[in-house]
Amino acid sequence: MRFLIAILALFTMSSCSSPKTTAQFYHTHKYKEGVTHFKMPGWLVWMGGGIAQGFVQDPEAKAGLRLARKVKKLRFLATEDYNPITAAEVNDFVGNIRSNGFEDLLMVKEGSSTVHILSREKKEKLRNLVILVNDEEEFVFMDMKSRIKYEDLSELVNTILKSENMKKEQDEEEQPAEANEEPVVAKKAPRA
């Protein structure tokens, strides 16, 4: 019986050793030396986005602010010039959240630097987005809870593309007009 209890206790301790959720990861590492952290509630993002929409004229910015109003919560950790969070801790965490329903959107590894972007969706909405950037000297963790629909993302992308196309058309219209103009040559006045 004691043997069974000891095995159960070891299993419990080993399963608690690495964070299983984004909240656990944030709380585990936020007070480490050199870590800057903040948490922003969704109501503050919603209110700030609503206020800013009245002052913004750019269609890209307005579309981004409409998207920001669908953010429920934002957690952020960052370090600079010193990284107390090891690559093994990050890899364990990524493995844990993958087993909890997160899927890779993007994973890039170059040398000792690794970038992970993971998401979890539910009912065709982006519910969670996690961005991890891990380097020897820097670390960034961003966890966003949201209710963003894929149509909202599509609308934002279309707005940005439309704006870019309009800028290109304006640039093309200005360039030929300048090329067709004849250079002005100073003429000498006839001598009397």
# chains A, B, ... in the order shown; residues from 1 in each chain; ligands from 1
>>> residues_around(residues="range 26-30 of chain A", least_positions_apart="5", cutoff="10 Å", atoms="only C-alpha atoms", output="list in words")
Ser18, Pro19, Thr21, Val35, Thr36, His37, Phe38, Lys39, Arg75, Phe76, Leu77, Ala78, Pro84, Ile85, Phe141, Met142 and Asp143 of chain A
>>> residues_around(residues="range 151-158 of chain A", least_positions_apart="2", cutoff="12 Å", atoms="only C-alpha atoms", output="count of residues only")
25
>>> closest_residue(among="A:Gly49, A:Glu174, A:Val56, A:Thr79", to="Tyr31 in chain A", atoms="only C-alpha atoms")
A:Thr79
>>> residues_around(residues="range 103-119 of chain A", least_positions_apart="3", cutoff="7 Å", atoms="only C-alpha atoms", output="list of chain:residue names")
A:Arg98, A:Asn128, A:Leu129, A:Val130, A:Ile131, A:Leu132, A:Val133, A:Asn134, A:Asp135, A:Glu136
>>> residues_around(residues="Pro41 in chain A", least_positions_apart="4", cutoff="9 Å", atoms="only C-alpha atoms", output="PyMOL selection string")
chain A and resi 45-46+71-75
>>> closest_residue(among="A:Lys32, A:Met47, A:Ala52, A:Met40", to="Met144 in chain A", atoms="only C-alpha atoms")
A:Met40
>>> select_by_dssp(residues="range 54-114 of chain A", states="strand (DSSP E)", output="list of chain:residue names")
A:Val71, A:Lys72, A:Lys73, A:Leu74, A:Arg75, A:Phe76, A:Leu77, A:Ala78, A:Thr79, A:Glu103, A:Asp104, A:Leu105, A:Leu106, A:Met107, A:Val108, A:Lys109, A:Glu110, A:Ser113, A:Thr114
>>> write_last_selection(atoms="C-alpha atoms", output="JSON list (two decimals), in the first residue's frame")
[["chain", "number", "residue", "atom", "x", "y", "z"],
["A", 71, "VAL", "CA", -9.91, 40.40, -26.95],
["A", 72, "LYS", "CA", -10.91, 38.99, -23.56],
["A", 73, "LYS", "CA", -7.57, 38.95, -21.74],
["A", 74, "LEU", "CA", -3.92, 39.51, -22.52],
["A", 75, "ARG", "CA", -0.88, 38.22, -20.59],
["A", 76, "PHE", "CA", 2.65, 39.24, -21.45],
["A", 77, "LEU", "CA", 6.13, 38.26, -20.20],
["A", 78, "ALA", "CA", 9.43, 39.50, -21.59],
["A", 79, "THR", "CA", 13.10, 39.48, -20.71],
["A", 103, "GLU", "CA", -2.22, 23.63, -32.63],
["A", 104, "ASP", "CA", 0.88, 25.07, -34.27],
["A", 105, "LEU", "CA", 0.27, 27.96, -36.61],
["A", 106, "LEU", "CA", 3.97, 28.66, -37.04],
["A", 107, "MET", "CA", 7.23, 27.29, -35.68],
["A", 108, "VAL", "CA", 10.60, 28.70, -36.73],
["A", 109, "LYS", "CA", 13.97, 27.62, -35.41],
["A", 110, "GLU", "CA", 17.20, 29.32, -36.36],
["A", 113, "SER", "CA", 16.34, 31.06, -31.41],
["A", 114, "THR", "CA", 12.88, 29.51, -31.56]]
>>> closest_residue(among="A:Lys20, A:Glu172, A:Phe55, A:Tyr82", to="Glu33 in chain A", atoms="only C-alpha atoms")
A:Tyr82
>>> select_by_dssp(residues="range 23-172 of chain A", states="helix (DSSP H, G or I)", output="PyMOL selection string")
chain A and resi 23-29+42-53+59-68+87-99+150-172
>>> atom_distance(atom1="CA of Gly48 in chain A", atom2="CA of Gln24 in chain A")
27.2 Å
>>> closest_residue(among="A:Tyr150, A:Trp43, A:Phe139, A:Phe102", to="Asn83 in chain A", atoms="only C-alpha atoms")
A:Phe139
>>> atom_distance(atom1="CA of Arg120 in chain A", atom2="CA of Ser99 in chain A")
11.1 Å
